[in-house]
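The next block is my_file.txt, given as compact mmCIF, C-alpha atoms.
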# COMPACT_ATOMS: atom_id res chain seq x y z
CA MET A 1 52.89 19.19 24.72
CA ASP A 2 55.45 18.85 27.52
CA ASP A 3 53.14 20.90 29.75
CA LEU A 4 50.28 18.52 28.91
CA ILE A 5 52.35 15.48 29.83
CA ARG A 6 53.35 17.15 33.09
CA TYR A 7 49.69 17.63 33.94
CA TYR A 8 49.02 13.95 33.33
CA GLU A 9 51.90 13.24 35.69
CA LYS A 10 50.23 15.50 38.29
CA CYS A 11 47.16 13.27 37.83
CA ASN A 12 49.40 10.28 38.68
CA ILE A 13 49.51 8.91 35.13
CA SER A 14 52.90 7.36 34.47
CA LYS A 15 54.81 8.02 31.27
CA GLU A 16 54.39 4.37 30.27
CA VAL A 17 50.59 4.41 30.67
CA TYR A 18 50.31 7.77 28.86
CA GLU A 19 52.37 6.56 25.90
CA PHE A 20 50.40 3.31 25.75
CA GLY A 21 47.21 5.35 25.48
CA GLU A 22 48.65 7.63 22.80
CA LYS A 23 49.57 4.63 20.61
CA ILE A 24 45.99 3.38 20.88
CA LEU A 25 44.60 6.84 20.04
CA ALA A 26 46.70 7.13 16.90
CA CYS A 27 44.54 4.40 15.32
CA LEU A 28 41.17 5.93 16.23
CA LYS A 29 41.08 9.11 14.14
CA GLU A 30 38.55 7.83 11.58
CA ARG A 31 36.27 6.38 14.28
CA PHE A 32 36.25 9.70 16.10
CA GLU A 33 35.45 11.56 12.88
CA ASP A 34 32.43 9.31 12.35
CA PHE A 35 31.20 10.08 15.87
CA ASP A 36 31.60 13.79 15.18
CA LYS A 37 29.46 13.53 12.04
CA THR A 38 26.69 11.74 13.93
CA ALA A 39 26.84 14.39 16.64
CA GLU A 40 26.61 17.15 14.04
CA TYR A 41 23.50 15.55 12.50
CA ASN A 42 21.82 15.07 15.87
CA GLN A 43 22.76 18.57 17.01
CA LEU A 44 20.96 20.00 13.99
CA LYS A 45 17.98 17.72 14.63
CA VAL A 46 17.63 18.93 18.22
CA LEU A 47 18.16 22.57 17.28
CA HIS A 48 15.58 22.37 14.50
CA ALA A 49 13.04 20.80 16.89
CA MET A 50 13.61 23.59 19.42
CA GLN A 51 13.17 26.27 16.78
CA GLU A 52 10.05 24.65 15.34
CA CYS A 53 8.50 24.44 18.81
CA ARG A 54 9.33 28.11 19.42
CA VAL A 55 11.35 27.62 22.58
CA SER A 56 11.51 31.00 24.29
CA GLU A 57 12.89 32.54 27.47
CA ALA A 58 9.40 32.25 28.95
CA CYS A 59 9.83 28.44 28.81
CA PHE A 60 12.41 28.72 31.60
CA MET A 61 9.97 30.19 34.13
CA PRO A 62 9.29 27.99 37.17
CA SER A 63 5.93 26.54 38.14
CA SER A 64 4.72 25.28 41.50
CA GLY A 65 1.77 23.54 43.08
CA TYR A 66 -0.34 21.76 40.50
CA GLY A 67 1.78 23.07 37.65
CA TYR A 68 -1.17 24.06 35.48
CA ASN A 69 -0.24 25.73 32.17
CA ASP A 70 3.49 25.18 32.56
CA LEU A 71 4.69 26.52 29.21
CA GLY A 72 8.21 25.14 29.55
CA ARG A 73 7.07 21.63 30.46
CA ASP A 74 4.54 21.48 27.63
CA THR A 75 7.01 22.90 25.09
CA LEU A 76 9.76 20.51 26.18
CA GLU A 77 7.43 17.57 25.59
CA LYS A 78 6.71 18.87 22.09
CA VAL A 79 10.44 19.14 21.44
CA TYR A 80 11.04 15.55 22.61
CA ALA A 81 8.22 14.32 20.37
CA LYS A 82 9.81 16.03 17.37
CA VAL A 83 13.31 14.80 18.18
CA PHE A 84 12.09 11.20 18.54
CA GLY A 85 9.62 11.42 15.65
CA THR A 86 6.60 10.52 17.79
CA GLU A 87 3.06 11.81 18.24
CA ASP A 88 3.58 12.84 21.85
CA ALA A 89 5.97 12.64 24.80
CA LEU A 90 5.93 12.65 28.59
CA VAL A 91 9.04 14.35 30.04
CA ARG A 92 8.82 14.89 33.78
CA PRO A 93 11.02 15.50 36.82
CA GLN A 94 8.46 13.41 38.75
CA ILE A 95 9.90 10.37 36.92
CA THR A 96 12.73 9.53 39.29
CA CYS A 97 14.92 7.27 37.13
CA GLY A 98 14.99 4.98 34.11
CA THR A 99 13.48 2.08 36.04
CA HIS A 100 10.59 4.31 37.14
CA ALA A 101 10.03 5.47 33.55
CA LEU A 102 9.92 1.85 32.40
CA TYR A 103 7.51 0.92 35.19
CA VAL A 104 5.17 3.76 34.21
CA ALA A 105 5.34 2.71 30.56
CA LEU A 106 4.68 -0.96 31.30
CA SER A 107 2.04 -0.61 34.00
CA SER A 108 0.09 2.00 32.04
CA GLN A 109 -0.51 -0.36 29.12
CA LEU A 110 -0.80 -3.78 30.81
CA LEU A 111 -3.96 -4.89 32.61
CA PRO A 112 -4.69 -8.03 34.67
CA GLY A 113 -4.62 -11.08 32.40
CA ASP A 114 -2.26 -9.48 29.87
CA GLU A 115 1.15 -10.89 29.04
CA LEU A 116 4.43 -9.01 28.69
CA LEU A 117 6.93 -10.67 26.35
CA SER A 118 10.60 -9.70 26.29
CA VAL A 119 12.24 -10.63 22.99
CA SER A 120 15.74 -9.49 24.00
CA GLY A 121 16.19 -11.99 26.79
CA LYS A 122 16.58 -11.21 30.47
CA PRO A 123 15.88 -7.56 31.29
CA TYR A 124 18.10 -5.28 33.34
CA ASP A 125 18.38 -6.31 37.00
CA THR A 126 16.17 -3.56 38.45
CA LEU A 127 13.31 -4.57 36.13
CA GLU A 128 13.19 -8.06 37.60
CA GLU A 129 11.29 -6.75 40.61
CA VAL A 130 9.16 -4.45 38.46
CA ILE A 131 8.02 -7.44 36.40
CA GLY A 132 7.89 -9.89 39.30
CA ILE A 133 10.66 -12.25 38.20
CA ARG A 134 11.94 -11.55 41.70
CA GLU A 135 9.14 -11.08 44.22
CA SER A 136 8.42 -7.47 45.11
CA ILE A 137 5.54 -5.37 46.40
CA GLY A 138 3.58 -3.77 43.57
CA SER A 139 5.13 -5.81 40.75
CA LEU A 140 3.28 -6.44 37.51
CA TYR A 141 2.98 -10.08 38.54
CA GLU A 142 1.20 -9.05 41.73
CA TYR A 143 -1.38 -7.26 39.59
CA GLY A 144 -2.02 -10.27 37.39
CA VAL A 145 0.31 -9.55 34.46
CA SER A 146 2.20 -12.61 33.25
CA TYR A 147 5.69 -12.56 31.76
CA SER A 148 7.69 -14.62 29.30
CA GLN A 149 10.89 -14.07 27.39
CA VAL A 150 12.70 -15.20 24.28
CA ASP A 151 16.46 -15.17 24.61
CA LEU A 152 18.68 -13.77 21.91
CA LEU A 153 20.55 -16.25 19.75
CA PRO A 154 24.20 -17.00 20.60
CA ASP A 155 25.35 -14.40 18.07
CA GLY A 156 23.23 -11.72 19.75
CA SER A 157 20.53 -11.58 17.06
CA PHE A 158 16.78 -11.96 17.59
CA ASP A 159 15.34 -15.48 17.62
CA LEU A 160 12.56 -14.90 15.09
CA GLU A 161 11.18 -18.43 15.23
CA GLY A 162 11.21 -18.33 19.01
CA ILE A 163 9.39 -14.99 18.98
CA LYS A 164 6.74 -16.27 16.59
CA ALA A 165 6.14 -19.32 18.80
CA ALA A 166 6.00 -17.22 21.99
CA ILE A 167 3.40 -14.69 20.83
CA GLY A 168 0.03 -15.85 22.10
CA PRO A 169 -3.50 -14.50 22.49
CA LYS A 170 -2.66 -12.86 25.84
CA THR A 171 0.47 -11.13 24.57
CA LYS A 172 -0.34 -7.44 24.91
CA MET A 173 3.09 -5.88 24.90
CA ILE A 174 6.58 -6.68 23.70
CA ALA A 175 9.63 -5.21 25.41
CA ILE A 176 13.03 -4.76 23.78
CA GLN A 177 16.10 -3.66 25.73
CA ARG A 178 18.49 -1.83 23.46
CA SER A 179 21.47 -1.85 25.80
CA LYS A 180 23.15 -4.89 27.28
CA GLY A 181 22.58 -4.14 30.96
CA TYR A 182 24.70 -6.33 33.22
CA GLN A 183 25.18 -8.90 30.49
CA THR A 184 28.07 -9.62 28.17
CA ARG A 185 25.89 -9.65 25.07
CA PRO A 186 25.96 -7.18 22.19
CA SER A 187 23.75 -4.13 22.47
CA LEU A 188 21.11 -3.94 19.76
CA SER A 189 21.26 -1.68 16.71
CA VAL A 190 18.30 0.47 15.74
CA SER A 191 18.29 -1.30 12.38
CA SER A 192 17.93 -4.74 13.95
CA ILE A 193 15.21 -3.44 16.27
CA GLY A 194 13.33 -2.08 13.26
CA LYS A 195 13.50 -5.46 11.52
CA VAL A 196 12.14 -7.37 14.50
CA ILE A 197 9.34 -4.81 14.95
CA SER A 198 8.32 -5.35 11.32
CA PHE A 199 8.39 -9.10 11.93
CA ILE A 200 6.16 -8.70 14.98
CA ARG A 201 3.74 -6.43 13.10
CA ASP A 202 3.28 -9.11 10.44
CA ILE A 203 2.23 -11.55 13.15
CA ARG A 204 0.14 -9.26 15.37
CA PRO A 205 -0.16 -5.59 14.34
CA ASP A 206 -2.05 -4.75 17.54
CA ILE A 207 0.81 -5.60 19.92
CA ILE A 208 2.39 -2.61 21.67
CA VAL A 209 6.19 -2.54 21.25
CA MET A 210 8.19 -0.70 23.89
CA VAL A 211 11.94 -0.13 23.63
CA ASP A 212 14.11 0.55 26.66
CA ASN A 213 16.27 3.21 25.03
CA CYS A 214 18.55 3.90 28.01
CA TYR A 215 22.17 4.63 27.00
CA GLY A 216 21.28 4.60 23.29
CA GLU A 217 19.94 8.08 22.59
CA PHE A 218 21.91 10.04 19.94
CA VAL A 219 24.37 7.20 19.34
CA ASP A 220 22.82 6.81 15.87
CA THR A 221 21.06 9.28 13.60
CA ILE A 222 17.79 7.38 14.11
CA GLU A 223 15.97 6.15 17.21
CA PRO A 224 13.79 3.04 17.72
CA SER A 225 10.71 5.27 17.43
CA ASP A 226 11.78 6.00 13.84
CA VAL A 227 11.55 2.30 12.98
CA GLY A 228 8.15 1.46 14.45
CA ALA A 229 8.38 1.37 18.27
CA ASP A 230 5.15 2.50 19.97
CA MET A 231 7.11 3.79 22.96
CA VAL A 232 10.75 4.61 23.66
CA VAL A 233 11.74 5.12 27.27
CA GLY A 234 14.76 6.58 29.00
CA SER A 235 16.30 8.60 31.81
CA LEU A 236 17.25 12.26 31.74
CA ILE A 237 20.37 11.62 33.82
CA LYS A 238 21.68 9.50 30.97
CA ASN A 239 22.24 10.63 27.36
CA PRO A 240 19.32 13.03 26.69
CA GLY A 241 19.92 15.14 29.79
CA GLY A 242 23.36 16.13 28.53
CA GLY A 243 24.78 16.05 32.06
CA LEU A 244 22.70 19.07 33.11
CA ALA A 245 19.33 17.49 33.90
CA PRO A 246 19.25 16.99 37.69
CA VAL A 247 16.45 14.38 37.59
CA GLY A 248 13.72 13.01 35.34
CA GLY A 249 12.74 10.56 32.68
CA TYR A 250 10.94 10.48 29.36
CA ILE A 251 8.49 8.35 27.43
CA ALA A 252 7.95 9.21 23.77
CA GLY A 253 5.43 7.43 21.59
CA THR A 254 1.93 7.26 20.18
CA LYS A 255 -0.67 9.65 21.54
CA LYS A 256 -2.70 6.78 22.99
CA CYS A 257 0.28 5.26 24.80
CA ILE A 258 1.44 8.60 26.19
CA GLU A 259 -2.04 9.48 27.41
CA ARG A 260 -2.22 6.24 29.39
CA ALA A 261 1.31 6.75 30.72
CA ALA A 262 0.44 10.26 31.91
CA TYR A 263 -2.65 9.01 33.74
CA ARG A 264 -0.53 6.32 35.37
CA LEU A 265 2.17 8.77 36.44
CA SER A 266 -0.23 11.31 37.96
CA SER A 267 -3.84 10.19 38.35
CA PRO A 268 -6.87 9.21 36.26
CA GLY A 269 -8.55 12.41 35.20
CA LEU A 270 -5.39 14.51 35.60
CA GLY A 271 -2.82 13.10 33.17
CA LYS A 272 -0.47 15.61 31.61
CA GLU A 273 -2.28 18.64 33.00
CA VAL A 274 -0.47 18.56 36.34
CA GLY A 275 3.14 18.31 37.44
CA ALA A 276 5.10 21.35 38.52
CA THR A 277 8.64 21.67 37.19
CA LEU A 278 9.73 24.12 39.92
CA ASP A 279 12.85 25.77 38.49
CA ILE A 280 14.56 23.15 36.32
CA ASN A 281 13.09 23.71 32.84
CA ARG A 282 16.13 25.64 31.64
CA THR A 283 18.52 22.81 32.56
CA LEU A 284 16.27 20.24 30.86
CA PHE A 285 16.25 22.26 27.63
CA GLN A 286 19.95 23.08 27.78
CA GLY A 287 20.85 19.49 28.62
CA LEU A 288 18.92 18.20 25.61
CA PHE A 289 20.64 20.82 23.43
CA LEU A 290 24.07 19.59 24.57
CA ALA A 291 23.16 15.89 24.52
CA PRO A 292 24.42 15.05 20.99
CA THR A 293 27.94 16.35 21.66
CA VAL A 294 28.05 14.95 25.19
CA THR A 295 27.02 11.53 23.85
CA CYS A 296 29.77 11.87 21.23
CA SER A 297 32.35 12.37 23.99
CA ALA A 298 31.06 9.29 25.79
CA LEU A 299 31.31 7.24 22.59
CA LYS A 300 34.93 8.29 22.09
CA GLY A 301 35.68 7.23 25.65
CA ALA A 302 33.98 3.87 25.15
CA VAL A 303 35.93 3.09 21.99
CA PHE A 304 39.18 4.20 23.61
CA ALA A 305 38.50 1.86 26.55
CA ALA A 306 37.57 -1.02 24.24
CA ASN A 307 40.80 -0.71 22.27
CA ILE A 308 43.01 -0.36 25.34
CA TYR A 309 41.63 -3.37 27.18
CA GLU A 310 41.31 -5.49 24.05
CA LYS A 311 44.98 -4.82 23.36
CA LEU A 312 45.76 -6.10 26.84
CA GLY A 313 43.91 -9.34 26.20
CA PHE A 314 40.67 -8.75 28.11
CA PRO A 315 37.33 -9.72 26.51
CA VAL A 316 35.44 -6.54 25.61
CA ILE A 317 31.92 -6.03 24.28
CA PRO A 318 31.68 -4.45 21.81
CA ASN A 319 35.20 -4.96 20.57
CA GLY A 320 37.44 -2.15 19.45
CA SER A 321 36.23 -2.04 15.84
CA GLU A 322 32.53 -2.96 16.03
CA PRO A 323 29.80 -0.36 15.43
CA ARG A 324 28.47 1.32 18.58
CA ASN A 325 24.82 0.92 19.61
CA ASP A 326 25.08 2.50 23.07
CA ILE A 327 27.63 4.26 25.26
CA ILE A 328 28.34 1.28 27.55
CA GLN A 329 31.63 -0.59 27.32
CA ALA A 330 31.82 -3.98 29.00
CA VAL A 331 35.24 -5.28 30.01
CA THR A 332 35.53 -8.74 31.55
CA LEU A 333 38.37 -8.47 34.05
CA GLY A 334 37.97 -11.90 35.61
CA SER A 335 38.53 -11.12 39.29
CA PRO A 336 36.95 -9.00 42.04
CA GLU A 337 40.32 -7.35 42.71
CA ALA A 338 40.59 -6.15 39.12
CA VAL A 339 36.98 -4.90 39.11
CA CYS A 340 37.57 -2.88 42.27
CA ALA A 341 40.85 -1.48 40.92
CA PHE A 342 39.22 -0.42 37.64
CA CYS A 343 36.31 1.29 39.40
CA ASN A 344 38.57 3.09 41.84
CA GLY A 345 40.66 4.34 38.94
CA ILE A 346 37.50 5.91 37.51
CA GLN A 347 36.56 7.31 40.94
CA SER A 348 39.98 8.91 41.33
CA ALA A 349 39.47 10.75 38.03
CA ALA A 350 36.18 12.32 39.13
CA PRO A 351 35.69 16.06 39.70
CA VAL A 352 33.56 15.22 42.76
CA ASP A 353 34.54 12.82 45.57
CA SER A 354 37.78 11.79 43.86
CA HIS A 355 39.31 11.21 47.30
CA LEU A 356 36.80 8.49 48.19
CA THR A 357 37.17 4.74 47.70
CA ALA A 358 34.42 2.84 45.91
CA GLU A 359 33.28 -0.26 47.80
CA PRO A 360 30.82 -3.01 46.81
CA TRP A 361 27.47 -2.74 48.59
CA ASP A 362 23.99 -4.26 48.70
CA MET A 363 22.34 -1.83 46.28
CA PRO A 364 18.50 -1.86 46.09
CA GLY A 365 17.11 -3.71 43.07
CA TYR A 366 20.12 -5.98 42.45
CA ASP A 367 20.69 -9.65 43.27
CA SER A 368 24.35 -9.23 44.29
CA ASP A 369 26.63 -6.59 45.76
CA VAL A 370 27.43 -3.85 43.26
CA ILE A 371 30.42 -1.52 43.09
CA MET A 372 29.81 1.90 41.56
CA ALA A 373 32.33 4.60 40.73
CA ALA A 374 30.44 7.83 40.17
CA GLY A 375 31.98 11.07 41.34
CA ALA A 376 29.32 13.06 39.55
CA PHE A 377 27.76 16.52 39.72
CA VAL A 378 24.35 14.79 39.54
CA SER A 379 24.05 11.79 41.86
CA GLY A 380 23.86 8.57 39.86
CA SER A 381 24.24 10.30 36.50
CA SER A 382 25.65 7.70 34.11
CA ILE A 383 26.22 10.12 31.25
CA GLU A 384 28.94 11.48 33.53
CA LEU A 385 32.12 9.43 33.79
CA SER A 386 31.20 6.31 35.72
CA ALA A 387 31.75 2.58 36.03
CA ASP A 388 29.87 -0.12 37.88
CA ALA A 389 29.86 -3.87 38.19
CA PRO A 390 27.97 -6.66 39.95
CA MET A 391 30.39 -8.53 42.17
CA LYS A 392 29.83 -11.94 40.61
CA GLU A 393 31.13 -14.06 37.76
CA PRO A 394 32.41 -13.30 35.17
CA TYR A 395 33.53 -10.11 36.98
CA ALA A 396 32.78 -7.76 34.12
CA VAL A 397 32.85 -4.01 34.63
CA TYR A 398 30.60 -1.60 32.72
CA PHE A 399 32.14 1.74 31.84
CA GLN A 400 30.12 4.64 30.46
CA GLY A 401 29.86 8.38 30.17
CA GLY A 402 32.14 11.36 30.04
CA LEU A 403 30.74 14.87 29.61
CA THR A 404 33.91 15.77 27.71
CA TRP A 405 36.31 13.58 25.77
CA PRO A 406 39.40 14.76 27.71
CA HIS A 407 37.76 13.71 30.98
CA ALA A 408 36.75 10.33 29.56
CA LYS A 409 40.32 9.84 28.35
CA LEU A 410 41.76 10.65 31.77
CA GLY A 411 39.33 8.28 33.47
CA ILE A 412 40.30 5.36 31.26
CA LEU A 413 44.00 6.02 31.77
CA LYS A 414 43.42 6.21 35.54
CA SER A 415 41.63 2.85 35.48
CA LEU A 416 44.58 1.34 33.65
CA GLN A 417 47.08 3.01 35.98
CA MET A 418 45.30 1.52 39.00
CA LEU A 419 45.51 -1.98 37.50
CA VAL A 420 49.19 -1.48 36.67
CA ASP A 421 49.99 -0.16 40.15
CA LYS A 422 48.33 -3.18 41.75
CA HIS A 423 50.26 -5.53 39.43
CA LEU A 424 47.03 -6.85 37.92
CA VAL A 425 48.09 -6.10 34.36
CA ASP A 426 51.30 -5.48 32.43
CA ILE A 427 51.60 -3.06 29.55
CA TYR A 428 54.10 -3.35 26.75
CA ILE A 429 55.03 -0.23 24.83

What does the file become when written as structure tokens?
Amino acid sequence: MDDLIRYYEKCNISKEVYEFGEKILACLKERFEDFDKTAEYNQLKVLHAMQECRVSEACFMPSSGYGYNDLGRDTLEKVYAKVFGTEDALVRPQITCGTHALYVALSSQLLPGDELLSVSGKPYDTLEEVIGIRESIGSLYEYGVSYSQVDLLPDGSFDLEGIKAAIGPKTKMIAIQRSKGYQTRPSLSVSSIGKVISFIRDIRPDIIVMVDNCYGEFVDTIEPSDVGADMVVGSLIKNPGGGLAPVGGYIAGTKKCIERAAYRLSSPGLGKEVGATLDINRTLFQGLFLAPTVTCSALKGAVFAANIYEKLGFPVIPNGSEPRNDIIQAVTLGSPEAVCAFCNGIQSAAPVDSHLTAEPWDMPGYDSDVIMAAGAFVSGSSIELSADAPMKEPYAVYFQGGLTWPHAKLGILKSLQMLVDKHLVDIYI
């Protein structure tokens, strides 16, 4: 144990910060055991899906050009459909990010004159230009799709009466964002999503319900697709890629929805038949296999962060004892100096680019400067240890990821150490 403490000292963690963290950890044993049980369940679910779909070494062979008859790609999509309990899935490296996956899902189902209704309030910042809330070339608005939203109630629950009033004859699709995005609201549980989907079905069974599942995969033993969602959408460089996927996104859902999404991603008449995977199939399979335990590590890090910063008096969402619905931990630090210190603590704990300083910048798709700490093996991978924040009130930082629990733990301690060193917070042992 003395050797371990000495290594933390080599990582510039003071004895006071280390002991503060250990006192917090002593109270988290039962929470961590619960996360381990969920990971065990999901690990078996993924393994069973791979075995049922007869994943073989031949699935790891590369394809090029058109990508016709890519066994690995087609098998991986069958595995995703089984894992998410859907009729079909589209899992492609040609999907560049979560925002792209969501755009493909939305634009493939919505035609001119249709309405998109968000029932979880304002969507994530990068979707504002996709929808046309902020003007952008190629937005849904530009193609004649209208948009409306129903905000969540003050307690973070769905406004059922507001939803009922908002659904009109042009409402073609309803969007639900599971995670909080850059908002200090609770993330949504799969159970609550299932209840609102049932409510919507009673009003209009023909409406397509899409759930933005980013940051939520494998946090629970069920997914939104298990409770009625027509489509669930996410990024492979978040939870389901397990830290190994170098690029890609997924859409899992009904056969009709996936067919339209495939035609939108490639071309009418081509659909799922084309799309070379080059030489990354093995990492996509292996990443999915590891995803339940990697997500478990990220959850432990999130709860550790929540309890540390709550103890120090900062508003945190969710709080230290609430159930987890995604891997993101929001901490409202209240000042730009504290946000920058937190993020640079995370950056200094990274295995890649730990020597660099994170600075706010005008990042594409956002309405303010954003600071991002992400010394990752895969650029922009937010299942790896990372933190980011819009540089605006209330100066909340969003921490997520950690491929291993020990790395997540170190990152959180480094963020605290940076705040202590800059005299932005005091700790009391």

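Using only C-alpha atoms, the nearest neighbour of A:Ile427 within the list A:Arg6, A:Lys409, A:Lys23, A:Arg134 is A:Lys23.
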
Students should find that atom CA of A:Ser120 and atom CA of A:Asp159 are spaced 8.8 Å

In Å and to one decimal, atom CA of A:Leu28 is distant from atom CA of A:Pro240 by 25.2 Å

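For the choices A:Tyr68, A:Ile13, A:Pro394, A:Asp36, the atom-to-atom distance to A:Gly271 is smallest for A:Tyr68 when using all atoms listed in the file.
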
Atom CA of A:Pro318 to atom CA of A:Thr295: how many Å, to one decimal? 16.8 Å

For A:Ala166: contacts at 9 Å, only C-alpha atoms, fewer than 4 positions along chain excluded, given as a PyMOL selection string: chain A and resi 117+148-150+161-162+171

Could you write out that same residue set with C-alpha atoms as a compact mmCIF listing (two decimals), in the frame of the given file?
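again-v4.txt, written as the output of this step:
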# COMPACT_ATOMS: atom_id res chain seq x y z
CA LEU A 117 6.93 -10.67 26.35
CA SER A 148 7.69 -14.62 29.30
CA GLN A 149 10.89 -14.07 27.39
CA VAL A 150 12.70 -15.20 24.28
CA GLU A 161 11.18 -18.43 15.23
CA GLY A 162 11.21 -18.33 19.01
CA THR A 171 0.47 -11.13 24.57

With distances taken over only C-alpha atoms, which residue among A:Phe342, A:Tyr250, A:Phe84, A:Tyr143 lies nearest A:Glu223? A:Phe84

Hey, what's within 12 Å of A:Gly65 if we count all atoms listed in the file and toss same-chain stuff fewer than 4 positions away? As a PDB file with C-alpha atoms, keeping the file's coordinate frame, please?
ATOM      1  CA  ASN A  69      -0.240  25.730  32.170  1.00  0.00           C
ATOM      2  CA  ASP A  70       3.490  25.180  32.560  1.00  0.00           C
ATOM      3  CA  GLU A 273      -2.280  18.640  33.000  1.00  0.00           C
ATOM      4  CA  VAL A 274      -0.470  18.560  36.340  1.00  0.00           C
ATOM      5  CA  GLY A 275       3.140  18.310  37.440  1.00  0.00           C
ATOM      6  CA  ALA A 276       5.100  21.350  38.520  1.00  0.00           C
ATOM      7  CA  THR A 277       8.640  21.670  37.190  1.00  0.00           C
ATOM      8  CA  LEU A 278       9.730  24.120  39.920  1.00  0.00           C
TER       9      LEU A 278
END

Near A:Ala387, counting only C-alpha atoms, which residues have an atom at most 7 Å away, once you skip same-chain residues fewer than 4 positions from it, shown as an mmCIF file with C-alpha atoms, keeping the file's coordinate frame?
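Writing done, so here's selection37.cif:
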data_model
loop_
_atom_site.group_PDB
_atom_site.id
_atom_site.type_symbol
_atom_site.label_atom_id
_atom_site.label_comp_id
_atom_site.auth_asym_id
_atom_site.auth_seq_id
_atom_site.Cartn_x
_atom_site.Cartn_y
_atom_site.Cartn_z
ATOM 1 C CA CYS A 343 36.310 1.290 39.400
ATOM 2 C CA ILE A 346 37.500 5.910 37.510
ATOM 3 C CA MET A 372 29.810 1.900 41.560
ATOM 4 C CA ALA A 373 32.330 4.600 40.730
ATOM 5 C CA ALA A 374 30.440 7.830 40.170
ATOM 6 C CA VAL A 397 32.850 -4.010 34.630
ATOM 7 C CA TYR A 398 30.600 -1.600 32.720
ATOM 8 C CA PHE A 399 32.140 1.740 31.840
ATOM 9 C CA GLN A 400 30.120 4.640 30.460
#

Between A:Ile131, A:Val17, A:Leu116, A:Val316, which has the minimum distance to A:Tyr428 (counting all atoms listed in the file)? A:Val17

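Among A:Gly375, A:Gly21, A:Gly401, A:Gly72, the residue with the shortest atom-to-atom distance to A:Tyr8, counting only C-alpha atoms, is A:Gly21.
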
Hey, what's within 9 Å of stretch 195-210 of chain A if we count all atoms listed in the file and toss same-chain stuff fewer than 2 positions away? As a PyMOL selection string, please? chain A and resi 105-106+109+158+160+163-164+167+171-177+190-193+212+227-233+253+257

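The nearest approach to A:Lys45 among the residues A:Pro292, A:Pro246, A:Gly138, A:Gly113, with only C-alpha atoms taken into account, belongs to A:Pro292.
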
Would you kindly identify which residues have an atom no farther than 12 Å from (4.5, 29.4, 32.0), using all atoms listed in the file and the file's own coordinates, and write them out as JSON, numbers by chain? {"A": [55, 56, 57, 58, 59, 60, 61, 62, 63, 64, 67, 68, 69, 70, 71, 72, 73, 74, 75, 76, 276, 277, 278, 279, 281]}

Close residues, A:Glu87 itself excluded, 12 Å, only C-alpha atoms, min 4 positions apart in chain, as a ChimeraX atom specification: /A:77-83,225-226,229-232,251-259
